[in-house]
Amino acid sequence: MRSRRTRKRILEHAAEVFARDGYQGTSLNRIIRESGLTKGAFYFHFESKEALALATFRYTQERFLGQMVERAGRQENGLAALAEMLRTRARLLREEPTLEALLRIGAELGATAGPKSEFRAFQDLTLGQFAELVRRGQTEGVIRSELDAHATAETIFAAMIGTDRVSRIVSGRADLEERTEHLIEVLANGLRSSSVPGRKSGSAPARDGGPR
């Protein structure tokens with residue numbers, strides 16, 4: 001139990017540092033010093049900076065994704081749930097600064113990660129959630145049945161990451177929520193089953209599953 005608490009404390013502190021300084025700019029010696037642990041005690045939990053970064057990414061990802069999935073679960077159908085996941089993500093990135101660690105570690109480690117890397121395997125958690133919601137929408141008849149759920153999830157993921165990058169470059173992410181709404185509208189138009197009427201004013205599923 002004590003070991004688990006120590007590990008959690010290290011990860012929470014590391015998330016703050018990685019969010020601020022990025023992977024390359026983070027000094028492992030500084031994190032060890034600030035943790036109050038001896039080097040031996042620290043290395044008992046994490047053998048390297050990369051191991052710490054990967055664990056921090058996973059810890060932050062699971063916490064982040066859990067909140068997104070919880071919000072998505074309240075929606076009326078799979079298409080509305082996908083929209084809410086993306087909206088919740090954009091809002092949380094604005095409200096919780098430590099979640100920046102997810103993006104900074106992801107960008108830096110993702111630039112060199114290969115198909116068999118541990119970092120690559122971490123993406124399956126998010127991709128699996130997107131694919132599950134696509135399949136849900138197909139079962140409900142609101143998402144096109146001919147779409148491959150996994151390939152569609154990968155496309156949504158790529159569009160989401162691309163939206164992040166553009167927002168960061170153009171506005172320092174100040175407009176991420178606005179850009180996310182546009183992304184939702186584009187995705188909804190592409191995913192929506194022809195049997196579901198489109199919306200004239202903003203075709204994306206409404207917030208919280210309610211009418212616009």
# chains A, B, ... in the order shown; residues from 1 in each chain; ligands from 1

call {"tool": "residues_around", "arguments": {"residues": "region 89-102 of chain A", "least_positions_apart": "6", "cutoff": "9 Å", "atoms": "only C-alpha atoms", "output": "NGL selection string"}}
result
:A and (12 or 14-23 or 56-58 or 60-61 or 64-65 or 67-68 or 164 or 173-174 or 176-177 or 180)

call {"tool": "write_last_selection", "arguments": {"atoms": "C-alpha atoms", "output": "PDB file, in the first residue's frame"}}
result
ATOM      1  CA  GLU A  12       1.523  13.080 -10.170  1.00  0.00           C
ATOM      2  CA  ALA A  14       6.163  13.883 -12.924  1.00  0.00           C
ATOM      3  CA  ALA A  15       2.980  14.855 -14.802  1.00  0.00           C
ATOM      4  CA  GLU A  16       3.409  18.447 -13.635  1.00  0.00           C
ATOM      5  CA  VAL A  17       7.055  18.518 -14.713  1.00  0.00           C
ATOM      6  CA  PHE A  18       6.501  16.848 -18.093  1.00  0.00           C
ATOM      7  CA  ALA A  19       3.549  19.171 -18.751  1.00  0.00           C
ATOM      8  CA  ARG A  20       5.757  22.178 -18.092  1.00  0.00           C
ATOM      9  CA  ASP A  21       9.097  21.104 -19.568  1.00  0.00           C
ATOM     10  CA  GLY A  22       8.322  18.258 -21.977  1.00  0.00           C
ATOM     11  CA  TYR A  23      10.231  14.988 -22.169  1.00  0.00           C
ATOM     12  CA  THR A  56       3.183   8.996 -16.445  1.00  0.00           C
ATOM     13  CA  PHE A  57       1.559   8.898 -19.881  1.00  0.00           C
ATOM     14  CA  ARG A  58      -0.419   5.775 -18.976  1.00  0.00           C
ATOM     15  CA  THR A  60      -2.630  10.415 -17.012  1.00  0.00           C
ATOM     16  CA  GLN A  61      -4.263   8.742 -20.008  1.00  0.00           C
ATOM     17  CA  PHE A  64      -8.278  11.475 -18.550  1.00  0.00           C
ATOM     18  CA  LEU A  65     -10.033   8.809 -20.608  1.00  0.00           C
ATOM     19  CA  GLN A  67     -13.678  11.154 -17.387  1.00  0.00           C
ATOM     20  CA  MET A  68     -14.321  11.229 -21.130  1.00  0.00           C
ATOM     21  CA  ASP A 164      -4.629  19.682 -31.314  1.00  0.00           C
ATOM     22  CA  ARG A 173      -4.725  25.988 -27.873  1.00  0.00           C
ATOM     23  CA  ALA A 174      -6.889  28.971 -26.923  1.00  0.00           C
ATOM     24  CA  LEU A 176      -9.224  24.194 -29.145  1.00  0.00           C
ATOM     25  CA  GLU A 177     -12.847  23.952 -28.005  1.00  0.00           C
ATOM     26  CA  THR A 180     -13.254  20.667 -31.682  1.00  0.00           C
TER      27      THR A 180
END

call {"tool": "select_by_dssp", "arguments": {"residues": "region 15-195 of chain A", "states": "alpha helix (DSSP H)", "output": "PyMOL selection string"}}
result
chain A and resi 15-21+28-35+39-45+49-72+78-95+100-110+118-140+149-171+176-191

call {"tool": "closest_residue", "arguments": {"among": "A:Met1, A:Leu28, A:Ile10, A:Met160", "to": "Ala83 (chain A)", "atoms": "only C-alpha atoms"}}
result
A:Met160

call {"tool": "closest_residue", "arguments": {"among": "A:Arg87, A:Phe42, A:Ile161, A:Leu82", "to": "Gly106 (chain A)", "atoms": "only C-alpha atoms"}}
result
A:Ile161

call {"tool": "residues_around", "arguments": {"residues": "Ser193 (chain A)", "least_positions_apart": "4", "cutoff": "12 Å", "atoms": "only C-alpha atoms", "output": "PyMOL selection string"}}
result
chain A and resi 78-79+134+137-147+187-189+197-198

call {"tool": "write_last_selection", "arguments": {"atoms": "N, CA, C and O atoms", "output": "PDB file, in the first residue's frame"}}
result
ATOM      1  N   GLY A  78     -24.502   6.398 -29.904  1.00  0.00           N
ATOM      2  CA  GLY A  78     -23.066   6.347 -30.124  1.00  0.00           C
ATOM      3  C   GLY A  78     -22.494   7.573 -30.788  1.00  0.00           C
ATOM      4  O   GLY A  78     -21.375   7.998 -30.473  1.00  0.00           O
ATOM      5  N   LEU A  79     -23.230   8.183 -31.701  1.00  0.00           N
ATOM      6  CA  LEU A  79     -22.747   9.377 -32.388  1.00  0.00           C
ATOM      7  C   LEU A  79     -22.655  10.558 -31.424  1.00  0.00           C
ATOM      8  O   LEU A  79     -21.662  11.289 -31.405  1.00  0.00           O
ATOM      9  N   VAL A 134     -18.286   3.624 -32.115  1.00  0.00           N
ATOM     10  CA  VAL A 134     -18.693   3.480 -33.525  1.00  0.00           C
ATOM     11  C   VAL A 134     -19.593   2.260 -33.668  1.00  0.00           C
ATOM     12  O   VAL A 134     -20.660   2.329 -34.305  1.00  0.00           O
ATOM     13  N   GLY A 137     -22.989   2.965 -32.269  1.00  0.00           N
ATOM     14  CA  GLY A 137     -23.795   3.774 -33.182  1.00  0.00           C
ATOM     15  C   GLY A 137     -24.296   2.978 -34.372  1.00  0.00           C
ATOM     16  O   GLY A 137     -25.414   3.218 -34.867  1.00  0.00           O
ATOM     17  N   GLN A 138     -23.501   2.026 -34.833  1.00  0.00           N
ATOM     18  CA  GLN A 138     -23.941   1.185 -35.946  1.00  0.00           C
ATOM     19  C   GLN A 138     -25.094   0.286 -35.523  1.00  0.00           C
ATOM     20  O   GLN A 138     -26.060   0.114 -36.264  1.00  0.00           O
ATOM     21  N   THR A 139     -24.994  -0.271 -34.330  1.00  0.00           N
ATOM     22  CA  THR A 139     -26.080  -1.109 -33.808  1.00  0.00           C
ATOM     23  C   THR A 139     -27.367  -0.303 -33.651  1.00  0.00           C
ATOM     24  O   THR A 139     -28.474  -0.801 -33.918  1.00  0.00           O
ATOM     25  N   GLU A 140     -27.209   0.963 -33.258  1.00  0.00           N
ATOM     26  CA  GLU A 140     -28.377   1.839 -33.061  1.00  0.00           C
ATOM     27  C   GLU A 140     -28.906   2.406 -34.378  1.00  0.00           C
ATOM     28  O   GLU A 140     -29.980   3.013 -34.399  1.00  0.00           O
ATOM     29  N   GLY A 141     -28.141   2.239 -35.447  1.00  0.00           N
ATOM     30  CA  GLY A 141     -28.573   2.723 -36.753  1.00  0.00           C
ATOM     31  C   GLY A 141     -28.277   4.190 -37.020  1.00  0.00           C
ATOM     32  O   GLY A 141     -28.783   4.759 -37.985  1.00  0.00           O
ATOM     33  N   VAL A 142     -27.417   4.822 -36.183  1.00  0.00           N
ATOM     34  CA  VAL A 142     -27.114   6.240 -36.384  1.00  0.00           C
ATOM     35  C   VAL A 142     -25.762   6.464 -37.066  1.00  0.00           C
ATOM     36  O   VAL A 142     -25.474   7.567 -37.516  1.00  0.00           O
ATOM     37  N   ILE A 143     -24.940   5.409 -37.137  1.00  0.00           N
ATOM     38  CA  ILE A 143     -23.647   5.488 -37.819  1.00  0.00           C
ATOM     39  C   ILE A 143     -23.661   4.488 -38.966  1.00  0.00           C
ATOM     40  O   ILE A 143     -24.193   3.370 -38.827  1.00  0.00           O
ATOM     41  N   ARG A 144     -23.090   4.866 -40.072  1.00  0.00           N
ATOM     42  CA  ARG A 144     -23.097   4.045 -41.280  1.00  0.00           C
ATOM     43  C   ARG A 144     -22.572   2.636 -41.012  1.00  0.00           C
ATOM     44  O   ARG A 144     -21.478   2.459 -40.504  1.00  0.00           O
ATOM     45  N   SER A 145     -23.353   1.651 -41.374  1.00  0.00           N
ATOM     46  CA  SER A 145     -23.037   0.259 -41.052  1.00  0.00           C
ATOM     47  C   SER A 145     -21.864  -0.282 -41.852  1.00  0.00           C
ATOM     48  O   SER A 145     -21.216  -1.244 -41.423  1.00  0.00           O
ATOM     49  N   GLU A 146     -21.571   0.309 -43.020  1.00  0.00           N
ATOM     50  CA  GLU A 146     -20.507  -0.226 -43.873  1.00  0.00           C
ATOM     51  C   GLU A 146     -19.110   0.184 -43.418  1.00  0.00           C
ATOM     52  O   GLU A 146     -18.098  -0.313 -43.925  1.00  0.00           O
ATOM     53  N   LEU A 147     -19.015   1.092 -42.464  1.00  0.00           N
ATOM     54  CA  LEU A 147     -17.707   1.555 -41.993  1.00  0.00           C
ATOM     55  C   LEU A 147     -17.035   0.502 -41.111  1.00  0.00           C
ATOM     56  O   LEU A 147     -17.692  -0.147 -40.300  1.00  0.00           O
ATOM     57  N   LEU A 187     -17.012  15.263 -38.651  1.00  0.00           N
ATOM     58  CA  LEU A 187     -17.089  13.827 -38.400  1.00  0.00           C
ATOM     59  C   LEU A 187     -18.531  13.327 -38.447  1.00  0.00           C
ATOM     60  O   LEU A 187     -18.817  12.275 -39.021  1.00  0.00           O
ATOM     61  N   ALA A 188     -19.428  14.085 -37.821  1.00  0.00           N
ATOM     62  CA  ALA A 188     -20.834  13.663 -37.786  1.00  0.00           C
ATOM     63  C   ALA A 188     -21.404  13.562 -39.193  1.00  0.00           C
ATOM     64  O   ALA A 188     -22.141  12.617 -39.512  1.00  0.00           O
ATOM     65  N   ASN A 189     -21.063  14.496 -40.063  1.00  0.00           N
ATOM     66  CA  ASN A 189     -21.550  14.448 -41.437  1.00  0.00           C
ATOM     67  C   ASN A 189     -21.028  13.221 -42.183  1.00  0.00           C
ATOM     68  O   ASN A 189     -21.712  12.667 -43.043  1.00  0.00           O
ATOM     69  N   PRO A 197     -31.874  11.846 -40.153  1.00  0.00           N
ATOM     70  CA  PRO A 197     -31.917  13.196 -40.740  1.00  0.00           C
ATOM     71  C   PRO A 197     -30.755  14.050 -40.263  1.00  0.00           C
ATOM     72  O   PRO A 197     -30.392  14.026 -39.087  1.00  0.00           O
ATOM     73  N   GLY A 198     -30.150  14.826 -41.186  1.00  0.00           N
ATOM     74  CA  GLY A 198     -29.081  15.756 -40.809  1.00  0.00           C
ATOM     75  C   GLY A 198     -29.666  16.996 -40.182  1.00  0.00           C
ATOM     76  O   GLY A 198     -30.850  17.292 -40.330  1.00  0.00           O
TER      77      GLY A 198
END

call {"tool": "atom_distance", "arguments": {"atom1": "CA of Ala111 (chain A)", "atom2": "CA of Ala158 (chain A)"}}
result
14.0 Å

call {"tool": "atom_distance", "arguments": {"atom1": "CA of Tyr43 (chain A)", "atom2": "CA of Tyr59 (chain A)"}}
result
17.8 Å

call {"tool": "decode", "arguments": {"residues": "region 114-172 of chain A", "atoms": "C-alpha atoms", "output": "PDB file, in the first residue's frame"}}
result
ATOM      1  CA  GLY A 114       7.576   2.094 -33.706  1.00  0.00           C
ATOM      2  CA  PRO A 115       4.702  -0.345 -34.291  1.00  0.00           C
ATOM      3  CA  LYS A 116       5.991  -2.753 -31.615  1.00  0.00           C
ATOM      4  CA  SER A 117       6.819  -0.139 -28.985  1.00  0.00           C
ATOM      5  CA  GLU A 118       5.155   0.092 -25.594  1.00  0.00           C
ATOM      6  CA  PHE A 119       4.018   3.618 -26.461  1.00  0.00           C
ATOM      7  CA  ARG A 120       2.254   2.320 -29.582  1.00  0.00           C
ATOM      8  CA  ALA A 121       0.379  -0.236 -27.471  1.00  0.00           C
ATOM      9  CA  PHE A 122      -0.902   2.552 -25.209  1.00  0.00           C
ATOM     10  CA  GLN A 123      -2.855   4.041 -28.116  1.00  0.00           C
ATOM     11  CA  ASP A 124      -5.113   0.986 -28.183  1.00  0.00           C
ATOM     12  CA  LEU A 125      -6.881   2.201 -25.036  1.00  0.00           C
ATOM     13  CA  THR A 126      -8.216   5.329 -26.739  1.00  0.00           C
ATOM     14  CA  LEU A 127      -8.712   3.636 -30.106  1.00  0.00           C
ATOM     15  CA  GLY A 128     -10.692   0.872 -28.421  1.00  0.00           C
ATOM     16  CA  GLN A 129     -13.068   3.374 -26.832  1.00  0.00           C
ATOM     17  CA  PHE A 130     -13.656   5.149 -30.141  1.00  0.00           C
ATOM     18  CA  ALA A 131     -14.214   1.843 -31.960  1.00  0.00           C
ATOM     19  CA  GLU A 132     -16.675   0.698 -29.281  1.00  0.00           C
ATOM     20  CA  LEU A 133     -18.739   3.871 -29.733  1.00  0.00           C
ATOM     21  CA  VAL A 134     -18.693   3.480 -33.525  1.00  0.00           C
ATOM     22  CA  ARG A 135     -20.005  -0.073 -33.169  1.00  0.00           C
ATOM     23  CA  ARG A 136     -22.623   1.146 -30.698  1.00  0.00           C
ATOM     24  CA  GLY A 137     -23.795   3.774 -33.182  1.00  0.00           C
ATOM     25  CA  GLN A 138     -23.941   1.185 -35.946  1.00  0.00           C
ATOM     26  CA  THR A 139     -26.080  -1.109 -33.808  1.00  0.00           C
ATOM     27  CA  GLU A 140     -28.377   1.839 -33.061  1.00  0.00           C
ATOM     28  CA  GLY A 141     -28.573   2.723 -36.753  1.00  0.00           C
ATOM     29  CA  VAL A 142     -27.114   6.240 -36.384  1.00  0.00           C
ATOM     30  CA  ILE A 143     -23.647   5.488 -37.819  1.00  0.00           C
ATOM     31  CA  ARG A 144     -23.097   4.045 -41.280  1.00  0.00           C
ATOM     32  CA  SER A 145     -23.037   0.259 -41.052  1.00  0.00           C
ATOM     33  CA  GLU A 146     -20.507  -0.226 -43.873  1.00  0.00           C
ATOM     34  CA  LEU A 147     -17.707   1.555 -41.993  1.00  0.00           C
ATOM     35  CA  ASP A 148     -14.964  -0.521 -40.403  1.00  0.00           C
ATOM     36  CA  ALA A 149     -15.112   0.386 -36.708  1.00  0.00           C
ATOM     37  CA  HIS A 150     -11.375   0.143 -36.023  1.00  0.00           C
ATOM     38  CA  ALA A 151     -10.321   2.033 -39.154  1.00  0.00           C
ATOM     39  CA  THR A 152     -12.901   4.701 -38.344  1.00  0.00           C
ATOM     40  CA  ALA A 153     -11.569   4.965 -34.785  1.00  0.00           C
ATOM     41  CA  GLU A 154      -8.043   5.492 -36.149  1.00  0.00           C
ATOM     42  CA  THR A 155      -9.310   8.242 -38.461  1.00  0.00           C
ATOM     43  CA  ILE A 156     -11.107   9.997 -35.585  1.00  0.00           C
ATOM     44  CA  PHE A 157      -7.957   9.711 -33.453  1.00  0.00           C
ATOM     45  CA  ALA A 158      -5.777  11.153 -36.232  1.00  0.00           C
ATOM     46  CA  ALA A 159      -8.203  14.032 -36.796  1.00  0.00           C
ATOM     47  CA  MET A 160      -8.275  14.764 -33.057  1.00  0.00           C
ATOM     48  CA  ILE A 161      -4.463  14.857 -32.789  1.00  0.00           C
ATOM     49  CA  GLY A 162      -4.248  17.011 -35.915  1.00  0.00           C
ATOM     50  CA  THR A 163      -6.769  19.450 -34.452  1.00  0.00           C
ATOM     51  CA  ASP A 164      -4.629  19.682 -31.314  1.00  0.00           C
ATOM     52  CA  ARG A 165      -1.519  20.488 -33.337  1.00  0.00           C
ATOM     53  CA  VAL A 166      -3.152  23.165 -35.467  1.00  0.00           C
ATOM     54  CA  SER A 167      -4.755  24.773 -32.408  1.00  0.00           C
ATOM     55  CA  ARG A 168      -1.431  24.810 -30.550  1.00  0.00           C
ATOM     56  CA  ILE A 169       0.430  26.371 -33.495  1.00  0.00           C
ATOM     57  CA  VAL A 170      -2.234  28.944 -34.345  1.00  0.00           C
ATOM     58  CA  SER A 171      -3.494  29.998 -30.909  1.00  0.00           C
ATOM     59  CA  GLY A 172      -1.594  28.157 -28.191  1.00  0.00           C
TER      60      GLY A 172
END
